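Trainee: The file below is input.cif, mmCIF, C-alpha atoms:
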data_protein
#
loop_
_atom_site.label_atom_id
_atom_site.label_comp_id
_atom_site.auth_asym_id
_atom_site.auth_seq_id
_atom_site.Cartn_x
_atom_site.Cartn_y
_atom_site.Cartn_z
CA MET A 16 129.88 108.26 106.21
CA THR A 17 130.94 110.55 103.36
CA CYS A 18 128.40 113.03 102.04
CA PRO A 19 125.77 111.33 99.86
CA GLY A 20 125.25 112.14 96.21
CA THR A 21 122.24 114.12 94.95
CA GLU A 22 120.44 110.95 93.89
CA GLU A 23 120.61 109.51 97.39
CA LEU A 24 119.52 112.77 98.99
CA SER A 25 116.67 113.11 96.51
CA ALA A 26 115.51 109.55 97.26
CA TYR A 27 115.79 110.29 100.98
CA ALA A 28 113.52 113.32 100.54
CA ASP A 29 110.97 111.04 98.83
CA HIS A 30 111.30 108.27 101.47
CA MET A 31 112.50 105.91 98.76
CA LEU A 32 115.59 104.51 100.51
CA THR A 33 115.69 101.17 102.27
CA PRO A 34 115.11 101.47 106.03
CA ARG A 35 118.80 100.74 106.63
CA ASP A 36 120.02 103.40 104.17
CA HIS A 37 117.43 105.87 105.45
CA ALA A 38 118.66 105.47 109.02
CA ARG A 39 122.30 105.76 107.95
CA LEU A 40 121.68 108.97 106.00
CA GLN A 41 119.54 110.39 108.76
CA GLN A 42 122.41 109.95 111.16
CA HIS A 43 124.82 111.66 108.73
CA LEU A 44 122.45 114.63 108.30
CA GLN A 45 122.46 115.26 112.02
CA GLY A 46 126.13 116.21 111.81
CA CYS A 47 126.46 117.71 108.31
CA PRO A 48 125.21 121.30 107.73
CA ALA A 49 126.08 121.16 104.03
CA CYS A 50 123.83 118.14 103.42
CA GLN A 51 121.16 119.67 105.62
CA HIS A 52 121.26 122.74 103.38
CA ARG A 53 121.02 120.66 100.20
CA LEU A 54 118.12 118.67 101.60
CA GLY A 55 116.43 121.93 102.58
CA GLU A 56 116.74 123.18 99.00
CA LEU A 57 115.09 120.04 97.68
CA ALA A 58 112.28 120.33 100.20
CA SER A 59 111.72 124.03 99.37
CA LEU A 60 111.66 123.25 95.67
CA GLN A 61 109.08 120.53 96.18
CA HIS A 62 106.97 122.85 98.31
CA ALA A 63 107.17 125.63 95.73
CA LEU A 64 106.18 123.35 92.85
CA ARG A 65 103.19 122.01 94.77
CA ALA A 66 102.10 125.54 95.56
CA LEU A 67 101.94 126.56 91.88
CA PRO A 68 98.44 127.55 90.80
CA SER A 69 96.86 124.92 88.60
CA PRO A 70 95.68 125.98 85.17
CA THR A 71 92.22 124.63 84.40
CA LEU A 72 90.18 124.22 81.25
CA GLY A 73 87.32 126.29 82.61
CA PHE A 74 84.59 124.38 80.75
CA ASP A 75 83.02 120.93 80.58
CA LEU A 76 85.19 118.97 78.15
CA ALA A 77 82.81 115.99 78.09
CA SER A 78 80.09 118.02 76.37
CA ARG A 79 82.56 119.09 73.69
CA LEU A 80 83.63 115.48 73.12
CA GLU A 81 80.07 114.12 72.98
CA GLY A 82 79.73 114.41 69.22
CA ARG A 83 83.11 112.80 68.63
CA LEU A 84 82.54 109.64 70.67
CA ARG A 85 81.52 106.75 68.47
CA PRO A 86 78.53 104.83 69.84
CA ARG A 87 79.63 101.64 71.50
CA PRO A 88 77.42 98.54 71.27
CA GLN A 89 75.30 98.34 74.41
CA ARG A 90 76.12 95.21 76.36
CA PRO A 91 74.05 94.14 79.36
CA PRO A 92 75.95 93.41 82.54
CA THR A 93 76.98 89.79 83.02
CA ARG A 94 74.48 87.90 85.20
CA ARG A 95 76.88 85.64 87.03
CA TRP A 96 74.23 83.90 89.21
CA LEU A 97 72.57 82.36 86.13
CA GLY A 98 75.85 81.67 84.44
CA ASP A 99 75.81 80.92 80.76
CA TRP A 100 72.31 79.43 80.93
CA SER A 101 70.47 82.74 81.34
CA GLY A 102 69.80 83.11 77.61
CA TRP A 103 68.15 79.70 77.42
CA VAL A 104 65.33 80.38 79.92
CA PRO A 105 62.83 82.17 77.61
CA ALA A 106 63.40 79.71 74.73
CA GLY A 107 63.01 76.70 77.03
CA LEU A 108 59.79 78.04 78.46
CA ALA A 109 58.30 78.59 75.00
CA ALA A 110 59.31 75.10 73.89
CA SER A 111 57.71 73.57 76.97
CA MET A 112 54.44 75.40 76.38
CA ALA A 113 54.38 74.37 72.74
CA LEU A 114 54.96 70.75 73.69
CA ALA A 115 52.22 70.82 76.32
CA SER A 116 49.76 72.37 73.86
CA GLY A 117 50.58 69.71 71.30
CA VAL A 118 50.08 66.89 73.76
CA TRP A 119 46.72 68.34 74.83
CA LEU A 120 45.49 68.77 71.24
CA GLY A 121 46.69 65.30 70.36
CA GLY A 122 44.84 63.92 73.35
CA LEU A 123 41.63 65.51 72.16
CA LEU A 124 41.98 63.97 68.71
CA LEU A 125 42.74 60.54 70.11
CA GLY A 126 39.80 60.59 72.54
CA GLY A 127 41.63 62.05 75.52
CA ALA A 128 38.59 64.24 76.31
CA GLY A 129 35.97 62.90 78.64
CA ALA A 130 33.17 62.69 76.04
CA ALA A 131 32.72 59.22 74.58
CA THR A 132 33.01 60.16 70.93
CA GLN A 133 33.69 57.36 68.50
CA PRO A 134 36.51 58.22 66.07
CA ALA A 135 34.35 57.28 63.08
CA ALA A 136 31.62 59.75 64.10
CA MET A 137 34.11 62.62 64.01
CA VAL A 138 34.22 62.55 60.20
CA ARG A 139 30.69 64.04 60.30
CA VAL A 140 32.34 67.46 60.74
CA PHE A 141 33.18 67.22 57.05
CA ASP A 142 29.52 66.68 56.03
CA PRO A 143 27.75 69.53 54.19
CA VAL A 144 26.89 72.42 56.54
CA PRO A 145 23.11 73.09 56.75
CA PRO A 146 21.95 76.60 55.71
CA GLY A 147 22.66 79.10 58.51
CA GLY A 148 24.82 76.62 60.38
CA LEU A 149 28.45 76.83 61.29
CA CYS A 150 29.30 73.15 61.49
CA ALA A 151 27.79 69.86 60.28
CA ALA A 152 28.31 68.28 63.67
CA ALA A 153 28.23 71.17 66.11
CA GLU A 154 27.77 68.84 69.10
CA LEU A 155 31.29 67.47 68.46
CA CYS A 156 32.74 70.99 68.81
CA ARG A 157 31.31 71.54 72.26
CA LEU A 158 33.82 69.27 74.00
CA THR A 159 34.72 70.73 77.44
CA LYS A 160 36.26 67.82 79.33
CA GLY A 161 39.93 67.42 79.05
CA MET A 162 40.59 71.09 78.35
CA PRO A 163 43.46 72.54 80.46
CA MET B 8 70.39 111.54 83.12
CA ARG B 9 71.81 108.95 85.48
CA SER B 10 74.55 110.21 87.82
CA PHE B 11 77.79 108.30 88.25
CA ARG B 12 79.35 110.60 90.84
CA HIS B 13 78.95 108.05 93.61
CA LEU B 14 80.82 105.34 91.69
CA ASP B 15 84.58 104.85 91.84
CA ASP B 16 86.71 104.89 88.69
CA ASP B 17 86.61 101.12 88.18
CA ASP B 18 82.80 101.02 88.26
CA CYS B 19 82.53 104.00 85.91
CA ILE B 20 84.88 102.29 83.50
CA ALA B 21 82.86 99.08 83.66
CA HIS B 22 79.72 101.03 82.70
CA ALA B 23 81.58 102.86 79.94
CA GLN B 24 82.91 99.58 78.57
CA ARG B 25 79.29 98.40 78.27
CA GLY B 26 78.47 101.42 76.12
CA ASP B 27 77.33 103.98 78.70
CA ARG B 28 78.77 107.28 77.46
CA ALA B 29 77.50 109.17 80.51
CA ALA B 30 79.83 107.05 82.64
CA PHE B 31 82.76 108.01 80.43
CA SER B 32 81.73 111.67 80.65
CA GLU B 33 81.96 111.37 84.43
CA LEU B 34 85.55 110.15 84.08
CA VAL B 35 86.34 113.04 81.74
CA GLY B 36 85.02 115.47 84.30
CA ARG B 37 87.16 113.95 87.02
CA TYR B 38 90.44 114.04 85.12
CA GLN B 39 90.21 116.77 82.49
CA ASP B 40 91.98 119.45 84.54
CA ARG B 41 94.74 117.14 85.77
CA ILE B 42 95.50 116.00 82.23
CA TYR B 43 95.33 119.56 80.91
CA ARG B 44 97.68 121.04 83.53
CA PHE B 45 100.17 118.24 82.88
CA LEU B 46 100.04 118.79 79.12
CA VAL B 47 100.12 122.59 79.22
CA ARG B 48 103.39 122.53 81.16
CA LEU B 49 104.80 119.66 79.14
CA THR B 50 104.11 121.23 75.75
CA ARG B 51 104.42 124.86 76.92
CA SER B 52 101.39 125.72 74.78
CA GLN B 53 97.82 126.21 75.94
CA ASP B 54 96.30 125.64 72.52
CA ASP B 55 98.28 122.47 71.93
CA ALA B 56 97.49 121.23 75.44
CA LEU B 57 93.77 121.74 74.83
CA GLU B 58 93.90 119.77 71.60
CA LEU B 59 96.02 117.04 73.18
CA THR B 60 93.71 116.78 76.19
CA GLN B 61 90.81 116.09 73.86
CA GLU B 62 92.85 113.57 71.90
CA THR B 63 93.85 111.86 75.13
CA PHE B 64 90.25 111.24 76.15
CA LEU B 65 89.17 110.24 72.65
CA HIS B 66 92.03 107.78 72.49
CA ALA B 67 91.16 106.48 75.96
CA TYR B 68 87.54 105.99 74.90
CA GLU B 69 88.58 103.95 71.87
CA ALA B 70 91.00 101.91 73.99
CA LEU B 71 88.57 101.20 76.84
CA GLU B 72 88.13 97.61 75.73
CA ARG B 73 91.81 96.97 76.46
CA TRP B 74 91.82 98.48 79.97
CA ARG B 75 91.91 95.98 82.81
CA PRO B 76 91.29 96.62 86.53
CA GLU B 77 94.84 95.50 87.36
CA ALA B 78 96.08 98.82 85.93
CA ARG B 79 95.32 102.06 87.74
CA PHE B 80 93.14 104.26 85.56
CA THR B 81 95.20 107.33 86.50
CA THR B 82 98.49 105.90 85.32
CA TRP B 83 96.86 104.47 82.20
CA LEU B 84 95.36 107.85 81.31
CA PHE B 85 98.57 109.77 81.97
CA HIS B 86 100.47 107.23 79.88
CA ILE B 87 98.15 107.99 76.96
CA ALA B 88 98.47 111.74 77.53
CA ARG B 89 102.24 111.58 77.70
CA ASN B 90 102.46 109.54 74.50
CA GLN B 91 100.12 111.97 72.72
CA ALA B 92 102.35 114.87 73.78
CA PHE B 93 105.57 113.21 72.69
CA ASP B 94 104.07 112.27 69.31
CA TRP B 95 103.05 115.90 68.96
CA LEU B 96 106.47 117.20 69.94
CA ARG B 97 108.23 114.74 67.62
CA ARG B 98 106.11 116.02 64.73
CA GLY B 99 107.64 119.41 65.50
CA LYS B 100 104.37 121.13 66.40
CA ARG B 101 105.69 123.57 68.95
CA VAL B 102 104.73 127.14 69.71
CA GLU B 103 106.29 129.60 72.09
CA PHE B 104 105.35 129.29 75.70
CA VAL B 105 102.74 131.80 76.84
CA ALA B 106 103.16 132.88 80.44
CA LEU B 107 100.19 131.59 82.35
CA GLU B 108 99.50 134.80 84.22
CA GLU B 109 98.88 136.66 80.96
CA ASP B 110 95.92 134.48 80.03
CA ASP B 111 94.65 132.74 83.10
CA GLU B 112 94.19 135.46 85.67
CA ALA B 113 90.59 134.34 86.15
CA THR B 114 91.60 130.74 86.88
CA LEU B 115 94.63 131.32 89.10
CA PRO B 116 93.70 131.72 92.75
CA ASP B 117 95.30 134.66 94.50
CA PRO B 118 96.98 133.24 97.61
CA ALA B 119 98.06 136.56 99.15
CA PRO B 120 95.74 139.34 100.40
CA ALA B 121 98.05 142.38 100.34
CA PRO B 122 99.02 143.92 96.96
CA ASP B 123 102.82 143.77 97.55
CA ALA B 124 102.68 140.21 98.83
CA ALA B 125 100.46 139.18 95.95
CA LEU B 126 102.90 140.69 93.46
CA GLU B 127 105.83 138.94 95.11
CA THR B 128 104.00 135.62 95.05
CA ARG B 129 103.10 136.02 91.40
CA GLN B 130 106.68 136.86 90.54
CA ARG B 131 107.90 133.80 92.41
CA PHE B 132 105.41 131.59 90.54
CA HIS B 133 106.42 133.21 87.27
CA CYS B 134 110.11 132.48 87.85
CA LEU B 135 109.40 128.90 88.77
CA GLU B 136 107.19 128.35 85.70
CA ARG B 137 109.84 129.82 83.44
CA ALA B 138 112.58 127.69 84.98
CA LEU B 139 110.38 124.61 84.57
CA ALA B 140 109.74 125.50 80.94
CA ARG B 141 113.48 125.67 80.23
CA LEU B 142 114.17 122.15 81.47
CA PRO B 143 114.70 119.32 78.99
CA THR B 144 111.34 117.68 78.27
CA GLU B 145 112.19 114.41 80.00
CA HIS B 146 113.18 116.24 83.19
CA ARG B 147 110.15 118.49 83.06
CA GLU B 148 107.70 115.62 82.64
CA ILE B 149 109.08 113.59 85.54
CA LEU B 150 108.97 116.58 87.88
CA LEU B 151 105.39 117.28 86.82
CA LEU B 152 104.40 113.71 87.60
CA ARG B 153 106.24 113.63 90.93
CA GLU B 154 105.76 117.12 92.34
CA ILE B 155 102.51 118.32 90.73
CA GLU B 156 100.61 115.07 90.28
CA GLU B 157 102.25 113.57 93.40
CA MET B 158 102.62 110.17 91.82
CA SER B 159 104.60 107.41 93.47
CA TYR B 160 107.82 106.20 91.91
CA GLU B 161 106.00 103.00 90.86
CA ASP B 162 103.24 104.93 89.09
CA ILE B 163 105.77 107.17 87.37
CA ALA B 164 107.64 104.10 86.18
CA ALA B 165 104.38 102.76 84.72
CA VAL B 166 103.48 106.05 82.99
CA LEU B 167 106.93 106.54 81.47
CA GLU B 168 107.67 102.81 80.99
CA ILE B 169 111.03 103.05 82.72
CA SER B 170 112.58 101.23 85.66
CA LEU B 171 112.38 102.38 89.28
CA GLY B 172 116.12 102.98 89.25
CA THR B 173 115.76 105.28 86.24
CA VAL B 174 112.90 107.13 87.96
CA LYS B 175 115.10 107.72 91.00
CA SER B 176 118.10 108.99 89.06
CA ARG B 177 116.08 111.08 86.61
CA ILE B 178 114.12 112.83 89.37
CA ALA B 179 117.39 113.71 91.11
CA ARG B 180 118.89 115.15 87.93
CA ALA B 181 115.69 117.06 87.16
CA ARG B 182 115.62 118.63 90.60
CA THR B 183 119.28 119.64 90.31
CA GLY B 184 118.63 121.12 86.87
CA LEU B 185 115.65 123.11 88.11
CA LEU B 186 117.54 124.48 91.11
CA GLU B 187 120.32 125.65 88.78
CA LYS B 188 117.80 127.55 86.65
CA MET B 189 116.12 129.25 89.58
CA PRO B 190 117.28 132.79 90.40
CA ARG B 191 119.32 132.91 93.63
#
Take the structure in the file and write it out as structure tokens.
Mentor:
Amino acid sequence: MTCPGTEELSAYADHMLTPRDHARLQQHLQGCPACQHRLGELASLQHALRALPSPTLGFDLASRLEGRLRPRPQRPPTRRWLGDWSGWVPAGLAASMALASGVWLGGLLLGGAGAATQPAAMVRVFDPVPPGGLCAAAELCRLTKGMP
Amino acid sequence: MRSFRHLDDDDCIAHAQRGDRAAFSELVGRYQDRIYRFLVRLTRSQDDALELTQETFLHAYEALERWRPEARFTTWLFHIARNQAFDWLRRGKRVEFVALEEDDEATLPDPAPAPDAALETRQRFHCLERALARLPTEHREILLLREIEEMSYEDIAAVLEISLGTVKSRIARARTGLLEKMPR
């Protein structure tokens, strides 16, 4: 094998050759002092660069950037276990309660309560209220049966 | 304030994407010095590198919506930093390189105990920094990514948006160029 070019040696130093090419070059290096020297230079250069002291900022950059970051709209995390139906739960519950309340109130008006109150007698609540009273037919307002 | 130190980058980003600025601050803390040291050697100016480091993170914050977990955060961030630097250099905003040891004695660790050895080490570092500064920008940046940031060829290709073959050949030419500029 003739001596490899710099690109091949450089890739060899970085373990970026195919296994076949790596083995071939490795064999050549065993018998070529010139290529060994060139590879040694590359390795020393890499070692020297990695040994350079690292300049640092020396302060907390995040605190300096704080005032320059535009507020992002807060988004809750996606609740995958409820899927897309998670937003419907509170609304559905409220609708169910409203419906149940309406059915119960309607039942009272239609005689769903236990008291045997004739529909015609209920109009007495519209009669004139006696002095000091709260209702013309207070006994009709004391229905307890049928209440949830 | 809630701590995000125990979370990996992807989880921090997910929190930041949902509007949690403390999570983004954690990411800034993790990467600020890496981005700064890359930029200070790329631009050869500490003041410009400081400004560009800030711009890099501001730009990253604005672009968080577009980041996807398939991309490594490191390469994505360095890609932004590199583009910021090249825009800056193209606009002609250059200043003379200030030797690091003149301004950063407090931040540079002293690796050698004896005075003569310490002086020799500093001189060696100084020569290497000066040789690096004299390289063409494209050679300097690829050596910084490979040798200082220890990125893989694949990550370098992603940062610089070049092919693997180009990474291989450019690294080789950069190393040759740097060796030629080093005192024998």
Trainee: Check what the PyMOL selection byres ((chain A) within 10 of (chain B)) selects in the file above and give those residues as a compact mmCIF listing (two decimals) with C-alpha atoms, keeping the file's coordinate frame.
Mentor:
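To be explicit, this is the file written out as part-v7.txt:
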# COMPACT_ATOMS: atom_id res chain seq x y z
CA GLY A 20 125.25 112.14 96.21
CA THR A 21 122.24 114.12 94.95
CA GLU A 22 120.44 110.95 93.89
CA GLU A 23 120.61 109.51 97.39
CA LEU A 24 119.52 112.77 98.99
CA SER A 25 116.67 113.11 96.51
CA ALA A 26 115.51 109.55 97.26
CA ASP A 29 110.97 111.04 98.83
CA MET A 31 112.50 105.91 98.76
CA GLU A 56 116.74 123.18 99.00
CA LEU A 57 115.09 120.04 97.68
CA LEU A 60 111.66 123.25 95.67
CA GLN A 61 109.08 120.53 96.18
CA HIS A 62 106.97 122.85 98.31
CA ALA A 63 107.17 125.63 95.73
CA LEU A 64 106.18 123.35 92.85
CA ARG A 65 103.19 122.01 94.77
CA ALA A 66 102.10 125.54 95.56
CA LEU A 67 101.94 126.56 91.88
CA PRO A 68 98.44 127.55 90.80
CA SER A 69 96.86 124.92 88.60
CA PRO A 70 95.68 125.98 85.17
CA THR A 71 92.22 124.63 84.40
CA LEU A 72 90.18 124.22 81.25
CA GLY A 73 87.32 126.29 82.61
CA PHE A 74 84.59 124.38 80.75
CA ASP A 75 83.02 120.93 80.58
CA LEU A 76 85.19 118.97 78.15
CA ALA A 77 82.81 115.99 78.09
CA SER A 78 80.09 118.02 76.37
CA ARG A 79 82.56 119.09 73.69
CA LEU A 80 83.63 115.48 73.12
CA GLU A 81 80.07 114.12 72.98
CA ARG A 83 83.11 112.80 68.63
CA LEU A 84 82.54 109.64 70.67
CA ARG A 85 81.52 106.75 68.47
CA PRO A 86 78.53 104.83 69.84
CA ARG A 87 79.63 101.64 71.50
CA PRO A 88 77.42 98.54 71.27
CA GLN A 89 75.30 98.34 74.41
CA ARG A 90 76.12 95.21 76.36
CA PRO A 91 74.05 94.14 79.36
CA PRO A 92 75.95 93.41 82.54
Trainee: Do a neighbour search on His43 in chain A at 9 Å with only C-alpha atoms, toss out local chain neighbours closer than 2 positions, and write the hits as a PDB file with C-alpha atoms, in the frame of the given file.
Mentor:
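Writing done, so here's around37.pdb:
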ATOM      1  CA  MET A  16     129.880 108.260 106.210  1.00  0.00           C
ATOM      2  CA  THR A  17     130.940 110.550 103.360  1.00  0.00           C
ATOM      3  CA  CYS A  18     128.400 113.030 102.040  1.00  0.00           C
ATOM      4  CA  PRO A  19     125.770 111.330  99.860  1.00  0.00           C
ATOM      5  CA  ALA A  38     118.660 105.470 109.020  1.00  0.00           C
ATOM      6  CA  ARG A  39     122.300 105.760 107.950  1.00  0.00           C
ATOM      7  CA  LEU A  40     121.680 108.970 106.000  1.00  0.00           C
ATOM      8  CA  GLN A  41     119.540 110.390 108.760  1.00  0.00           C
ATOM      9  CA  GLN A  45     122.460 115.260 112.020  1.00  0.00           C
ATOM     10  CA  GLY A  46     126.130 116.210 111.810  1.00  0.00           C
ATOM     11  CA  CYS A  47     126.460 117.710 108.310  1.00  0.00           C
ATOM     12  CA  CYS A  50     123.830 118.140 103.420  1.00  0.00           C
TER      13      CYS A  50
END
Trainee: Could you pull the residues within 9 Å of Trp83 in chain B, counting only C-alpha atoms, minus those fewer than 6 positions along the same chain, as a list in words?
Mentor: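 Contacts, in chain order: Ala67, Trp74, Ala165 and Val166 of chain B.
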Trainee: The selected residues should be written to file as a compact mmCIF listing (two decimals), in the frame of the given file (atoms: C-alpha atoms).
Mentor:
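Output saved as part34.txt:
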# COMPACT_ATOMS: atom_id res chain seq x y z
CA ALA B 67 91.16 106.48 75.96
CA TRP B 74 91.82 98.48 79.97
CA ALA B 165 104.38 102.76 84.72
CA VAL B 166 103.48 106.05 82.99
Trainee: Could you jot down the CA of Ala49 in chain A to CA of Arg141 in chain B separation for me, Å, one decimal place?
Mentor: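 Spanning CA of Ala49 in chain A to CA of Arg141 in chain B is a straight-line distance of 27.3 Å.
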Trainee: Counting only C-alpha atoms, which residues sit no farther than 9 Å from the position (97.0, 107.5, 85.6) in the file's frame? I'd like them as a PyMOL selection string.
Mentor: chain B and resi 78-87+158+162-163+165-166
Trainee: Can you work out the spacing between CA of Gly172 in chain B and CA of Leu32 in chain A in Å, to one decimal?
Mentor: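 Interatomic distance, CA of Gly172 in chain B to CA of Leu32 in chain A: 11.4 Å.
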Trainee: Can you work out the spacing between CA of His37 in chain A and CA of Arg53 in chain A in Å, to one decimal?
Mentor: 16.1 Å
Trainee: Could you list, as a PDB file with C-alpha atoms, in the coordinates of the input, every residue matched by the PyMOL selection byres ((chain B and resi 91-93) around 9) in this structure?
Mentor:
ATOM      1  CA  LEU B  46     100.040 118.790  79.120  1.00  0.00           C
ATOM      2  CA  LEU B  49     104.800 119.660  79.140  1.00  0.00           C
ATOM      3  CA  THR B  50     104.110 121.230  75.750  1.00  0.00           C
ATOM      4  CA  ASP B  55      98.280 122.470  71.930  1.00  0.00           C
ATOM      5  CA  ALA B  56      97.490 121.230  75.440  1.00  0.00           C
ATOM      6  CA  LEU B  59      96.020 117.040  73.180  1.00  0.00           C
ATOM      7  CA  THR B  60      93.710 116.780  76.190  1.00  0.00           C
ATOM      8  CA  GLU B  62      92.850 113.570  71.900  1.00  0.00           C
ATOM      9  CA  THR B  63      93.850 111.860  75.130  1.00  0.00           C
ATOM     10  CA  HIS B  86     100.470 107.230  79.880  1.00  0.00           C
ATOM     11  CA  ILE B  87      98.150 107.990  76.960  1.00  0.00           C
ATOM     12  CA  ALA B  88      98.470 111.740  77.530  1.00  0.00           C
ATOM     13  CA  ARG B  89     102.240 111.580  77.700  1.00  0.00           C
ATOM     14  CA  ASN B  90     102.460 109.540  74.500  1.00  0.00           C
ATOM     15  CA  ASP B  94     104.070 112.270  69.310  1.00  0.00           C
ATOM     16  CA  TRP B  95     103.050 115.900  68.960  1.00  0.00           C
ATOM     17  CA  LEU B  96     106.470 117.200  69.940  1.00  0.00           C
ATOM     18  CA  ARG B  97     108.230 114.740  67.620  1.00  0.00           C
ATOM     19  CA  ARG B  98     106.110 116.020  64.730  1.00  0.00           C
TER      20      ARG B  98
END
